[in-house]
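Engineer: Starting off with a structure, shown below.
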Amino acid sequence: MELRLNYMKVRPDSLQALLKLEGYVKNSGLDHHLWELIKIRASQINGCAFCLDMHTKDARAMGETEQRLYLLNAWKEAPFYTDEERAALALTEAVTRISEGGVSQELYEQVRNYFDEGQYVDLIMAINAINSWNRIAISTGMIPGEYQPAVRK
């Protein structure tokens with residue numbers, strides 16, 4: 001595999017645009033462990049190897065268990081996720097696959113049982129951010145394996 005192009009060198013401002021969105025989500029108050037699950041689940045759906053490599057490493061560095069990471073693709077059948085996480089993961093799937101049926105009123109209400117209006121917006125922004133990153137990584141041919149998470153103190 002070979003990187004097609006380095007979008008950060010070709011258009012540095014494009015990176016800054018997404019980093020601004022990423023910064024918004026980071027400072028929104030959204031639980032960072034949940035955010036990593038969202039990133040991983042969307043990346044699984046989109047088939048983004050680079051992002052899967054990155055975010056599973058980040059999740060492990062944050063203390064996420066191997067069991068929850070391995071079973072995330074089958075979260076509906078696994079008993080290891082909270083109801084709040086399940087609602088966020090269902091929303092992640094619906095937004096990532098938006099053309100397959102959108103976000104139903106039932107799902108909206110399910111998510112709203114755990115997240116207020118502002119948090120709902122934050123979830124949507126987080127899901128949109130990772131979907132954007134996935135599409136950039138896949139279309140530019142970013143190669144998994146080289147990412148190392150920052151040491152957390």
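Residue names in the structure tokens use chain letters A, B, ... in the order shown, residue numbers from 1 in each chain, and ligand numbers from 1 in the order shown.
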Could you give me, as a list in words, the residues within 12 Å of Gly63 (chain A), counting only C-alpha atoms and dropping anything in the same chain fewer than 4 positions from it?

Structural biologist: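 Listing them by chain and then by number gives His32, His33, Glu36, Thr56, Lys57, Asp58, Ala59, Gln67, Arg68, Leu69 and Arg152 of chain A.
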
Engineer: Using only C-alpha atoms, determine which residues lie at most 9 Å from Ser28 (chain A), disregarding the query and same-chain residues fewer than 5 positions distant; provide the list as a PyMOL selection string.

Structural biologist: chain A and resi 23+119+122

Engineer: Output N, CA, C and O atoms for every residue in that selection, as a PDB file, in the first residue's frame.

Structural biologist:
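This is the output file again-v3.pdb:
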```
ATOM      1  N   GLY A  23     -11.938  20.033  17.674  1.00  0.00           N
ATOM      2  CA  GLY A  23     -11.781  20.820  18.900  1.00  0.00           C
ATOM      3  C   GLY A  23     -13.120  21.135  19.540  1.00  0.00           C
ATOM      4  O   GLY A  23     -13.252  21.109  20.772  1.00  0.00           O
ATOM      5  N   GLN A 119     -26.472  18.008  23.976  1.00  0.00           N
ATOM      6  CA  GLN A 119     -25.658  16.802  23.858  1.00  0.00           C
ATOM      7  C   GLN A 119     -25.990  16.031  22.578  1.00  0.00           C
ATOM      8  O   GLN A 119     -25.104  15.423  21.973  1.00  0.00           O
ATOM      9  N   ASP A 122     -24.040  17.652  20.004  1.00  0.00           N
ATOM     10  CA  ASP A 122     -22.635  17.263  20.176  1.00  0.00           C
ATOM     11  C   ASP A 122     -22.377  15.866  19.612  1.00  0.00           C
ATOM     12  O   ASP A 122     -21.348  15.632  18.965  1.00  0.00           O
TER      13      ASP A 122
END
```

Engineer: So how far away is CA of Arg60 (chain A) from CA of Val111 (chain A), in Å?

Structural biologist: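 Between CA of Val111 (chain A) and CA of Arg60 (chain A) the gap is 25.8 Å.
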
Engineer: Wanna dump the region 36-64 of chain A-region 92-110 of chain A contacts at 8 Å for me, each residue with its shortest atom pair and the distance in Å to one decimal, counting only C-alpha atoms, ordered by chain and number, as CSV?

Structural biologist:
```
residue,atom,partner,partner_atom,distance
A:Ile38,CA,A:Thr92,CA,6.3
A:Arg41,CA,A:Thr92,CA,7.3
A:Ala42,CA,A:Thr96,CA,6.4
A:Ile45,CA,A:Thr96,CA,7.6
A:Asn46,CA,A:Thr96,CA,8.0
```

Engineer: Filtering to C-alpha atoms, could you give me those residues as an mmCIF file, in the first residue's frame?

Structural biologist:
```
data_model
loop_
_atom_site.group_PDB
_atom_site.id
_atom_site.type_symbol
_atom_site.label_atom_id
_atom_site.label_comp_id
_atom_site.auth_asym_id
_atom_site.auth_seq_id
_atom_site.Cartn_x
_atom_site.Cartn_y
_atom_site.Cartn_z
ATOM 1 C CA ILE A 38 -18.331 6.400 18.259
ATOM 2 C CA ARG A 41 -17.998 2.128 15.260
ATOM 3 C CA ALA A 42 -18.269 4.644 12.411
ATOM 4 C CA ILE A 45 -18.975 0.782 9.093
ATOM 5 C CA ASN A 46 -16.923 2.880 6.674
#
```

Engineer: Which of region 33-64 of chain A counts as helix (DSSP H, G or I) under DSSP, as a count of residues only please?

Structural biologist: 27

Engineer: Measure the distance from CA of Leu91 (chain A) to CA of Asn134 (chain A) in Å and round it to one decimal.

Structural biologist: 17.1 Å

Engineer: Have a look at CA of Trp75 (chain A) and CA of Leu52 (chain A) and let me know their distance in Å, one decimal.

Structural biologist: 16.1 Å
